[in-house]
$ cat run_0.cif   # mmCIF, C-alpha atoms, pLDDT in the B column; chains and numbers go by the auth columns
data_query
loop_
_atom_site.group_PDB
_atom_site.id
_atom_site.type_symbol
_atom_site.label_atom_id
_atom_site.label_comp_id
_atom_site.label_asym_id
_atom_site.label_seq_id
_atom_site.Cartn_x
_atom_site.Cartn_y
_atom_site.Cartn_z
_atom_site.B_iso_or_equiv
_atom_site.auth_seq_id
_atom_site.auth_asym_id
ATOM 1 C CA MET A 1 0.382 -4.069 24.002 39.00 163 A
ATOM 2 C CA GLU A 2 -3.308 -4.965 24.176 42.00 164 A
ATOM 3 C CA ASP A 3 -4.256 -1.385 24.970 39.00 165 A
ATOM 4 C CA ILE A 4 -2.897 -0.281 21.593 42.00 166 A
ATOM 5 C CA ALA A 5 -5.557 -1.549 19.235 42.00 167 A
ATOM 6 C CA ARG A 6 -4.769 -2.358 15.657 44.00 168 A
ATOM 7 C CA LEU A 7 -7.135 -1.549 12.793 42.00 169 A
ATOM 8 C CA SER A 8 -7.589 -5.191 11.908 46.00 170 A
ATOM 9 C CA ASP A 9 -9.492 -5.722 15.174 48.00 171 A
ATOM 10 C CA GLY A 10 -12.836 -4.471 13.945 50.00 172 A
ATOM 11 C CA PRO A 11 -14.893 -2.852 11.236 50.00 173 A
ATOM 12 C CA TYR A 12 -12.184 -0.275 10.513 48.00 174 A
ATOM 13 C CA ASP A 13 -9.685 -2.723 9.027 50.00 175 A
ATOM 14 C CA LYS A 14 -9.913 -1.097 5.596 50.00 176 A
ATOM 15 C CA MET A 15 -8.399 2.196 6.780 50.00 177 A
ATOM 16 C CA GLY A 16 -4.920 2.959 5.484 52.00 178 A
ATOM 17 C CA ALA A 17 -3.038 1.778 2.441 61.00 179 A
ATOM 18 C CA GLN A 18 -3.832 -1.916 2.369 71.00 180 A
ATOM 19 C CA TRP A 19 -3.783 -2.601 -1.363 78.00 181 A
ATOM 20 C CA LEU A 20 -0.525 -4.516 -1.080 81.00 182 A
ATOM 21 C CA LYS A 21 -2.253 -7.206 0.994 80.00 183 A
ATOM 22 C CA GLU A 22 -3.606 -8.584 -2.290 82.00 184 A
ATOM 23 C CA PHE A 23 -0.144 -9.910 -3.123 82.00 185 A
ATOM 24 C CA ASP A 24 -0.216 -12.102 -0.002 82.00 186 A
ATOM 25 C CA ASP A 25 -3.522 -13.710 -1.036 80.00 187 A
ATOM 26 C CA HIS A 26 -2.654 -16.683 -3.236 80.00 188 A
ATOM 27 C CA PRO A 27 0.957 -15.695 -4.052 84.00 189 A
ATOM 28 C CA GLY A 28 1.817 -16.380 -7.677 80.00 190 A
ATOM 29 C CA ASP A 29 -1.824 -16.742 -8.765 83.00 191 A
ATOM 30 C CA ASN A 30 -4.407 -14.393 -10.296 84.00 192 A
ATOM 31 C CA ILE A 31 -1.792 -12.503 -12.311 88.00 193 A
ATOM 32 C CA ILE A 32 -4.250 -10.931 -14.760 90.00 194 A
ATOM 33 C CA GLU A 33 -6.704 -9.805 -12.067 89.00 195 A
ATOM 34 C CA LYS A 34 -3.979 -8.249 -9.934 89.00 196 A
ATOM 35 C CA ALA A 35 -2.402 -6.545 -12.949 90.00 197 A
ATOM 36 C CA ILE A 36 -5.685 -5.019 -14.083 91.00 198 A
ATOM 37 C CA SER A 37 -6.571 -3.964 -10.550 89.00 199 A
ATOM 38 C CA PHE A 38 -3.267 -2.185 -9.950 89.00 200 A
ATOM 39 C CA GLY A 39 -3.292 -0.729 -13.475 91.00 201 A
ATOM 40 C CA GLU A 40 -6.694 0.843 -12.846 91.00 202 A
ATOM 41 C CA ARG A 41 -5.535 2.263 -9.530 90.00 203 A
ATOM 42 C CA GLY A 42 -2.395 3.671 -11.140 91.00 204 A
ATOM 43 C CA LEU A 43 -4.440 5.219 -13.936 92.00 205 A
ATOM 44 C CA PHE A 44 -6.761 6.862 -11.418 93.00 206 A
ATOM 45 C CA ILE A 45 -3.952 8.185 -9.205 91.00 207 A
ATOM 46 C CA GLY A 46 -1.991 9.390 -12.226 92.00 208 A
ATOM 47 C CA GLY A 47 -5.056 11.158 -13.577 92.00 209 A
ATOM 48 C CA ILE A 48 -5.473 12.998 -10.280 93.00 210 A
ATOM 49 C CA TYR A 49 -1.781 13.926 -10.275 92.00 211 A
ATOM 50 C CA GLY A 50 -2.001 15.143 -13.880 91.00 212 A
ATOM 51 C CA ALA A 51 -5.068 17.233 -13.081 92.00 213 A
ATOM 52 C CA ILE A 52 -3.336 18.865 -10.131 92.00 214 A
ATOM 53 C CA TYR A 53 -0.189 19.448 -12.181 90.00 215 A
ATOM 54 C CA GLY A 54 -2.193 20.934 -15.055 88.00 216 A
ATOM 55 C CA ALA A 55 -4.089 23.211 -12.684 88.00 217 A
ATOM 56 C CA ILE A 56 -1.040 24.505 -10.806 89.00 218 A
ATOM 57 C CA PHE A 57 1.570 24.958 -13.531 87.00 219 A
ATOM 58 C CA PRO A 58 0.660 27.295 -16.389 85.00 220 A
ATOM 59 C CA PRO A 59 1.174 26.196 -19.993 85.00 221 A
ATOM 60 C CA ALA A 60 4.082 27.608 -21.950 81.00 222 A
ATOM 61 C CA GLY A 61 3.519 30.098 -24.735 82.00 223 A
ATOM 62 C CA ASN A 62 0.321 30.105 -26.767 84.00 224 A
ATOM 63 C CA VAL A 63 -0.914 26.698 -25.605 82.00 225 A
ATOM 64 C CA ASN A 64 -4.568 26.387 -24.628 86.00 226 A
ATOM 65 C CA GLY A 65 -4.776 25.729 -20.888 81.00 227 A
ATOM 66 C CA PHE A 66 -7.633 23.231 -21.178 87.00 228 A
ATOM 67 C CA PHE A 67 -5.833 21.027 -23.690 88.00 229 A
ATOM 68 C CA TYR A 68 -2.615 21.386 -21.707 88.00 230 A
ATOM 69 C CA SER A 69 -4.391 20.035 -18.618 88.00 231 A
ATOM 70 C CA LEU A 70 -5.939 17.181 -20.603 90.00 232 A
ATOM 71 C CA ARG A 71 -2.514 16.273 -21.977 90.00 233 A
ATOM 72 C CA GLN A 72 -1.054 16.249 -18.443 89.00 234 A
ATOM 73 C CA ILE A 73 -3.897 14.075 -17.167 91.00 235 A
ATOM 74 C CA GLY A 74 -3.461 11.612 -20.015 90.00 236 A
ATOM 75 C CA ALA A 75 0.320 11.429 -19.817 90.00 237 A
ATOM 76 C CA ALA A 76 0.484 11.032 -16.032 90.00 238 A
ATOM 77 C CA GLY A 77 -2.391 8.543 -16.044 92.00 239 A
ATOM 78 C CA LEU A 78 -0.755 6.490 -18.776 91.00 240 A
ATOM 79 C CA VAL A 79 2.630 6.330 -17.051 92.00 241 A
ATOM 80 C CA THR A 80 1.322 5.521 -13.574 92.00 242 A
ATOM 81 C CA GLY A 81 -1.287 3.132 -14.981 92.00 243 A
ATOM 82 C CA THR A 82 1.436 1.253 -16.837 92.00 244 A
ATOM 83 C CA ALA A 83 3.627 1.217 -13.733 92.00 245 A
ATOM 84 C CA GLY A 84 0.711 -0.135 -11.691 91.00 246 A
ATOM 85 C CA LEU A 85 0.022 -2.753 -14.348 93.00 247 A
ATOM 86 C CA VAL A 86 3.665 -3.872 -14.343 93.00 248 A
ATOM 87 C CA LEU A 87 3.728 -3.962 -10.527 91.00 249 A
ATOM 88 C CA GLY A 88 0.433 -5.865 -10.369 90.00 250 A
ATOM 89 C CA ALA A 89 1.720 -8.464 -12.804 92.00 251 A
ATOM 90 C CA GLY A 90 5.336 -8.428 -11.657 91.00 252 A
ATOM 91 C CA VAL A 91 4.825 -9.443 -8.043 90.00 253 A
ATOM 92 C CA PRO A 92 2.749 -12.588 -8.795 91.00 254 A
ATOM 93 C CA ILE A 93 5.068 -13.554 -11.657 92.00 255 A
ATOM 94 C CA ALA A 94 8.151 -13.183 -9.434 92.00 256 A
ATOM 95 C CA GLN A 95 6.376 -15.118 -6.676 90.00 257 A
ATOM 96 C CA ALA A 96 5.488 -17.906 -9.109 90.00 258 A
ATOM 97 C CA ILE A 97 9.029 -18.128 -10.477 91.00 259 A
ATOM 98 C CA ARG A 98 10.685 -18.026 -7.049 88.00 260 A
ATOM 99 C CA LYS A 99 7.955 -20.221 -5.496 88.00 261 A
ATOM 100 C CA LYS A 100 7.871 -18.029 -2.377 87.00 262 A
ATOM 101 C CA ASP A 101 6.454 -14.749 -1.177 86.00 263 A
ATOM 102 C CA ASP A 102 9.499 -12.800 -0.013 88.00 264 A
ATOM 103 C CA PRO A 103 11.056 -9.322 -0.256 90.00 265 A
ATOM 104 C CA ILE A 104 13.199 -10.328 -3.223 92.00 266 A
ATOM 105 C CA ALA A 105 10.127 -11.123 -5.338 91.00 267 A
ATOM 106 C CA TRP A 106 8.587 -7.778 -4.396 90.00 268 A
ATOM 107 C CA GLY A 107 11.883 -6.014 -5.142 93.00 269 A
ATOM 108 C CA ILE A 108 12.093 -7.568 -8.612 93.00 270 A
ATOM 109 C CA ALA A 109 8.585 -6.345 -9.401 92.00 271 A
ATOM 110 C CA GLY A 110 9.447 -2.925 -7.983 92.00 272 A
ATOM 111 C CA LEU A 111 12.482 -2.736 -10.266 93.00 273 A
ATOM 112 C CA ALA A 112 10.363 -3.516 -13.300 92.00 274 A
ATOM 113 C CA SER A 113 7.630 -1.100 -12.288 92.00 275 A
ATOM 114 C CA GLY A 114 10.029 1.703 -11.407 90.00 276 A
ATOM 115 C CA SER A 115 11.718 1.528 -14.778 91.00 277 A
ATOM 116 C CA VAL A 116 8.419 2.514 -16.406 90.00 278 A
ATOM 117 C CA PHE A 117 8.715 5.996 -14.913 85.00 279 A
ATOM 118 C CA GLY A 118 11.900 6.569 -16.923 82.00 280 A
ATOM 119 C CA LEU A 119 10.149 5.769 -20.189 82.00 281 A
ATOM 120 C CA ARG A 120 8.364 9.116 -20.337 80.00 282 A
ATOM 121 C CA SER A 121 11.584 11.099 -20.106 80.00 283 A
ATOM 122 C CA GLY A 122 13.428 8.724 -22.428 85.00 284 A
ATOM 123 C CA ARG A 123 16.531 8.859 -20.247 87.00 285 A
ATOM 124 C CA VAL A 124 18.107 5.660 -19.005 89.00 286 A
ATOM 125 C CA ALA A 125 19.487 7.299 -15.851 90.00 287 A
ATOM 126 C CA ILE A 126 15.986 8.295 -14.702 90.00 288 A
ATOM 127 C CA ALA A 127 14.732 4.764 -15.411 90.00 289 A
ATOM 128 C CA VAL A 128 17.556 3.183 -13.411 92.00 290 A
ATOM 129 C CA GLN A 129 17.138 5.581 -10.489 93.00 291 A
ATOM 130 C CA SER A 130 13.377 5.153 -10.248 91.00 292 A
ATOM 131 C CA ALA A 131 13.689 1.385 -10.712 92.00 293 A
ATOM 132 C CA PHE A 132 16.216 1.180 -7.897 94.00 294 A
ATOM 133 C CA LEU A 133 14.137 3.427 -5.639 94.00 295 A
ATOM 134 C CA LEU A 134 10.888 1.510 -6.166 92.00 296 A
ATOM 135 C CA GLY A 135 12.626 -1.884 -6.005 93.00 297 A
ATOM 136 C CA VAL A 136 14.298 -1.120 -2.690 94.00 298 A
ATOM 137 C CA SER A 137 11.095 0.456 -1.364 92.00 299 A
ATOM 138 C CA MET A 138 9.002 -2.585 -2.239 90.00 300 A
ATOM 139 C CA SER A 139 11.578 -4.919 -0.666 92.00 301 A
ATOM 140 C CA LEU A 140 11.629 -2.877 2.530 91.00 302 A
ATOM 141 C CA ILE A 141 7.832 -2.694 2.663 87.00 303 A
ATOM 142 C CA LYS A 142 7.588 -6.469 2.375 88.00 304 A
ATOM 143 C CA ALA A 143 10.410 -7.118 4.838 89.00 305 A
ATOM 144 C CA ALA A 144 8.992 -4.735 7.451 85.00 306 A
ATOM 145 C CA GLY A 145 5.396 -5.819 6.888 80.00 307 A
ATOM 146 C CA THR A 146 4.085 -2.307 7.403 76.00 308 A
ATOM 147 C CA TYR A 147 1.447 -2.767 4.721 78.00 309 A
ATOM 148 C CA ARG A 148 -0.446 -5.294 6.851 76.00 310 A
ATOM 149 C CA GLU A 149 -1.340 -2.878 9.657 70.00 311 A
ATOM 150 C CA PRO A 150 -0.244 0.580 8.491 64.00 312 A
ATOM 151 C CA VAL A 151 -2.113 2.694 11.040 68.00 313 A
ATOM 152 C CA ILE A 152 -2.652 2.268 14.773 69.00 314 A
ATOM 153 C CA ASP A 153 -6.236 3.022 15.721 68.00 315 A
ATOM 154 C CA TYR A 154 -6.002 5.253 18.773 72.00 316 A
ATOM 155 C CA THR A 155 -9.766 5.914 18.778 74.00 317 A
ATOM 156 C CA LYS A 156 -10.858 2.311 19.290 68.00 318 A
ATOM 157 C CA HIS A 157 -11.579 2.895 22.976 67.00 319 A
ATOM 158 C CA LEU A 158 -13.892 5.755 22.056 76.00 320 A
ATOM 159 C CA ARG A 159 -16.084 3.282 20.171 72.00 321 A
ATOM 160 C CA GLN A 160 -15.981 0.557 22.836 72.00 322 A
ATOM 161 C CA PRO A 161 -14.602 0.522 26.386 69.00 323 A
ATOM 162 C CA PRO A 162 -11.255 -1.145 27.034 65.00 324 A
ATOM 163 C CA LYS A 163 -11.051 -4.593 28.598 71.00 325 A
ATOM 164 C CA LEU A 164 -10.887 -4.365 32.384 71.00 326 A
ATOM 165 C CA ASN A 165 -8.502 -6.587 34.326 72.00 327 A
ATOM 166 C CA LYS A 166 -9.763 -7.221 37.845 76.00 328 A
ATOM 167 C CA LEU A 167 -7.206 -7.658 40.597 79.00 329 A
ATOM 168 C CA VAL A 168 -9.321 -10.145 42.553 81.00 330 A
ATOM 169 C CA ASP A 169 -11.430 -13.103 41.400 78.00 331 A
ATOM 170 C CA GLU A 170 -15.045 -13.792 42.447 78.00 332 A
ATOM 171 C CA ASN A 171 -13.864 -15.518 45.682 82.00 333 A
ATOM 172 C CA GLY A 172 -11.851 -12.467 46.785 78.00 334 A
ATOM 173 C CA ASN A 173 -8.445 -14.015 46.093 81.00 335 A
ATOM 174 C CA ILE A 174 -5.763 -11.830 44.517 81.00 336 A
ATOM 175 C CA LYS A 175 -4.974 -12.835 40.936 77.00 337 A
ATOM 176 C CA THR A 176 -1.438 -13.379 39.740 72.00 338 A
ATOM 177 C CA SER A 177 -0.137 -11.909 36.533 66.00 339 A
ATOM 178 C CA GLN A 178 -0.419 -15.324 34.816 67.00 340 A
ATOM 179 C CA GLU A 179 -4.165 -15.441 35.493 62.00 341 A
ATOM 180 C CA TRP A 180 -4.847 -12.175 33.715 59.00 342 A
#
$ encode --input "run_0.cif" --output "structure tokens"
Amino acid sequence: MEDIARLSDGPYDKMGAQWLKEFDDHPGDNIIEKAISFGERGLFIGGIYGAIYGAIFPPAGNVNGFFYSLRQIGAAGLVTGTAGLVLGAGVPIAQAIRKKDDPIAWGIAGLASGSVFGLRSGRVAIAVQSAFLLGVSMSLIKAAGTYREPVIDYTKHLRQPPKLNKLVDENGNIKTSQEW
């Protein structure tokens, strides 16, 4: 397994989606900082989604395309920013209440955050479905631990040579597998 290098082995440990690692640092603490951080990220991602949506789908009727795009950017940014804010606050609050960092705490925060997506449509069924989907997803992410090392770095050996295991020691004796 040593020949498969993980990204946390070197200077490339920030590659991949590693934002969720913040919830493992001081579980149950820094609620405001985590909420603001995830709210800003949600606002940014939602703004990008709204811009893409506004650019691809044409406005209906006699609506100005520029203002239509701005409205899409604002609405998507607001919804995803709020969902990020709720997730960023929900995980530390659930961790503080439960006094442990486990998949159930992450699932509770995912339920709360997912329900925000149903607020824009105003339909309870959409809120329940998205809450369930995000709650189960967050629980599975925490249980599997895939957020810690999301990507295997297959190019590590291009940056530095792999460790060589010699079959004989300096005296010429054959090494056993325990000596490696």
$ residues_around --input "run_0.cif" --residues "stretch 255-270 of chain A" --least-positions-apart "5" --cutoff "9 Å" --atoms "all atoms listed in the file" --output "VMD selection string"
chain A and resid 185 to 186 189 to 191 193 249 275 294 296 to 305
$ axis_aligned_box --input "run_0.cif" --around "stretch 234-237 of chain A" --padding-each-side "6 Å" --output "AutoDock Vina command-line options"
--center_x -1.8 --center_y 13.8 --center_z -18.6 --size_x 16.2 --size_y 16.8 --size_z 14.8
$ closest_residue --input "run_0.cif" --among "A:Gly307, A:Gly250, A:Gly334, A:Gly239" --to "A:Arg282" --atoms "only C-alpha atoms"
A:Gly239
$ resolve_selection --input "run_0.cif" --expression "the PyMOL selection byres ((chain A and resi 195-205) around 9)" --output "list in words"
Trp181, Glu184, Phe185, Asp191, Asn192, Ile193, Ile194, Phe206, Ile207, Gly208, Gly209, Ile210, Gly236, Ala238, Gly239, Leu240, Val241, Thr242, Gly243, Thr244, Ala245, Gly246, Leu247, Val248, Leu249, Gly250, Ala251, Gly252 and Pro254 of chain A
$ write_last_selection --input "run_0.cif" --atoms "C-alpha atoms" --output "mmCIF file, in the frame of the given file"
data_model
loop_
_atom_site.group_PDB
_atom_site.id
_atom_site.type_symbol
_atom_site.label_atom_id
_atom_site.label_comp_id
_atom_site.auth_asym_id
_atom_site.auth_seq_id
_atom_site.Cartn_x
_atom_site.Cartn_y
_atom_site.Cartn_z
ATOM 1 C CA TRP A 181 -3.783 -2.601 -1.363
ATOM 2 C CA GLU A 184 -3.606 -8.584 -2.290
ATOM 3 C CA PHE A 185 -0.144 -9.910 -3.123
ATOM 4 C CA ASP A 191 -1.824 -16.742 -8.765
ATOM 5 C CA ASN A 192 -4.407 -14.393 -10.296
ATOM 6 C CA ILE A 193 -1.792 -12.503 -12.311
ATOM 7 C CA ILE A 194 -4.250 -10.931 -14.760
ATOM 8 C CA PHE A 206 -6.761 6.862 -11.418
ATOM 9 C CA ILE A 207 -3.952 8.185 -9.205
ATOM 10 C CA GLY A 208 -1.991 9.390 -12.226
ATOM 11 C CA GLY A 209 -5.056 11.158 -13.577
ATOM 12 C CA ILE A 210 -5.473 12.998 -10.280
ATOM 13 C CA GLY A 236 -3.461 11.612 -20.015
ATOM 14 C CA ALA A 238 0.484 11.032 -16.032
ATOM 15 C CA GLY A 239 -2.391 8.543 -16.044
ATOM 16 C CA LEU A 240 -0.755 6.490 -18.776
ATOM 17 C CA VAL A 241 2.630 6.330 -17.051
ATOM 18 C CA THR A 242 1.322 5.521 -13.574
ATOM 19 C CA GLY A 243 -1.287 3.132 -14.981
ATOM 20 C CA THR A 244 1.436 1.253 -16.837
ATOM 21 C CA ALA A 245 3.627 1.217 -13.733
ATOM 22 C CA GLY A 246 0.711 -0.135 -11.691
ATOM 23 C CA LEU A 247 0.022 -2.753 -14.348
ATOM 24 C CA VAL A 248 3.665 -3.872 -14.343
ATOM 25 C CA LEU A 249 3.728 -3.962 -10.527
ATOM 26 C CA GLY A 250 0.433 -5.865 -10.369
ATOM 27 C CA ALA A 251 1.720 -8.464 -12.804
ATOM 28 C CA GLY A 252 5.336 -8.428 -11.657
ATOM 29 C CA PRO A 254 2.749 -12.588 -8.795
#
$ atom_distance --input "run_0.cif" --atom1 "atom CA of A:Gln234" --atom2 "atom CA of A:Gly216"
5.9 Å
$ atom_distance --input "run_0.cif" --atom1 "atom CA of A:Ser231" --atom2 "atom CA of A:Ala217"
6.7 Å
$ resolve_selection --input "run_0.cif" --expression "the PyMOL selection byres ((chain A and resi 328) around 12)" --output "number ranges by chain"
A: 325-327, 329-332, 334-339, 341-342
$ closest_residue --input "run_0.cif" --among "A:Ile235, A:Leu295, A:Ile214, A:Leu320" --to "A:Ala271" --atoms "all atoms listed in the file"
A:Leu295
$ resolve_selection --input "run_0.cif" --expression "the PyMOL selection byres ((chain A and resi 289) around 10)" --output "PyMOL selection string"
chain A and resi 273-288+290-295
$ decode --input "run_0.cif" --residues "stretch 218-229 of chain A" --atoms "all heavy atoms" --output "compact mmCIF listing (two decimals), in the first residue's frame"
# COMPACT_ATOMS: atom_id res chain seq x y z
N ILE A 218 -27.31 29.92 -19.86
CA ILE A 218 -27.75 28.82 -20.72
C ILE A 218 -29.23 28.92 -21.07
O ILE A 218 -29.62 28.77 -22.22
CB ILE A 218 -27.43 27.47 -20.06
CG1 ILE A 218 -25.92 27.26 -20.01
CG2 ILE A 218 -28.10 26.32 -20.79
CD1 ILE A 218 -25.50 26.02 -19.27
N PHE A 219 -30.07 29.14 -20.06
CA PHE A 219 -31.51 29.13 -20.28
C PHE A 219 -32.01 30.53 -20.60
O PHE A 219 -31.78 31.47 -19.83
CB PHE A 219 -32.24 28.56 -19.06
CG PHE A 219 -31.88 27.14 -18.80
CD1 PHE A 219 -31.05 26.80 -17.74
CD2 PHE A 219 -32.36 26.12 -19.60
CE1 PHE A 219 -30.72 25.49 -17.48
CE2 PHE A 219 -32.03 24.80 -19.36
CZ PHE A 219 -31.21 24.48 -18.31
N PRO A 220 -32.72 30.69 -21.70
CA PRO A 220 -33.20 32.02 -22.07
C PRO A 220 -34.36 32.46 -21.19
O PRO A 220 -35.13 31.64 -20.68
CB PRO A 220 -33.66 31.84 -23.53
CG PRO A 220 -34.00 30.39 -23.63
CD PRO A 220 -33.08 29.68 -22.69
N PRO A 221 -34.51 33.77 -21.00
CA PRO A 221 -35.64 34.26 -20.20
C PRO A 221 -36.95 34.11 -20.95
O PRO A 221 -36.99 34.06 -22.18
CB PRO A 221 -35.30 35.74 -19.97
CG PRO A 221 -34.39 36.09 -21.08
CD PRO A 221 -33.65 34.85 -21.44
N ALA A 222 -38.02 34.02 -20.21
CA ALA A 222 -39.35 33.87 -20.81
C ALA A 222 -39.91 35.24 -21.18
O ALA A 222 -39.77 36.21 -20.45
CB ALA A 222 -40.28 33.17 -19.84
N GLY A 223 -40.55 35.29 -22.32
CA GLY A 223 -41.28 36.49 -22.72
C GLY A 223 -40.42 37.71 -22.96
O GLY A 223 -39.35 37.63 -23.56
N ASN A 224 -40.91 38.86 -22.48
CA ASN A 224 -40.24 40.14 -22.70
C ASN A 224 -39.34 40.52 -21.52
O ASN A 224 -39.25 41.69 -21.18
CB ASN A 224 -41.28 41.23 -22.93
CG ASN A 224 -42.04 41.02 -24.22
OD1 ASN A 224 -41.48 40.47 -25.17
ND2 ASN A 224 -43.29 41.44 -24.26
N VAL A 225 -38.69 39.58 -20.92
CA VAL A 225 -37.81 39.85 -19.78
C VAL A 225 -36.42 40.16 -20.31
O VAL A 225 -35.91 39.48 -21.20
CB VAL A 225 -37.77 38.63 -18.83
CG1 VAL A 225 -36.84 38.88 -17.66
CG2 VAL A 225 -39.16 38.31 -18.35
N ASN A 226 -35.80 41.19 -19.74
CA ASN A 226 -34.44 41.55 -20.12
C ASN A 226 -33.49 40.44 -19.67
O ASN A 226 -33.50 40.01 -18.52
CB ASN A 226 -34.07 42.88 -19.47
CG ASN A 226 -32.73 43.40 -19.92
OD1 ASN A 226 -31.90 42.66 -20.42
ND2 ASN A 226 -32.53 44.69 -19.74
N GLY A 227 -32.64 39.98 -20.58
CA GLY A 227 -31.74 38.87 -20.28
C GLY A 227 -30.73 39.18 -19.19
O GLY A 227 -30.37 38.32 -18.40
N PHE A 228 -30.25 40.43 -19.15
CA PHE A 228 -29.26 40.81 -18.14
C PHE A 228 -29.86 40.75 -16.73
O PHE A 228 -29.27 40.17 -15.81
CB PHE A 228 -28.72 42.21 -18.43
CG PHE A 228 -27.76 42.70 -17.41
CD1 PHE A 228 -26.48 42.15 -17.32
CD2 PHE A 228 -28.11 43.71 -16.53
CE1 PHE A 228 -25.58 42.60 -16.38
CE2 PHE A 228 -27.22 44.16 -15.58
CZ PHE A 228 -25.95 43.61 -15.50
N PHE A 229 -31.05 41.31 -16.58
CA PHE A 229 -31.69 41.30 -15.27
C PHE A 229 -32.16 39.90 -14.88
O PHE A 229 -32.18 39.55 -13.70
CB PHE A 229 -32.84 42.31 -15.22
CG PHE A 229 -32.36 43.72 -15.30
CD1 PHE A 229 -32.68 44.51 -16.39
CD2 PHE A 229 -31.57 44.26 -14.31
CE1 PHE A 229 -32.23 45.82 -16.47
CE2 PHE A 229 -31.11 45.56 -14.38
CZ PHE A 229 -31.45 46.34 -15.47
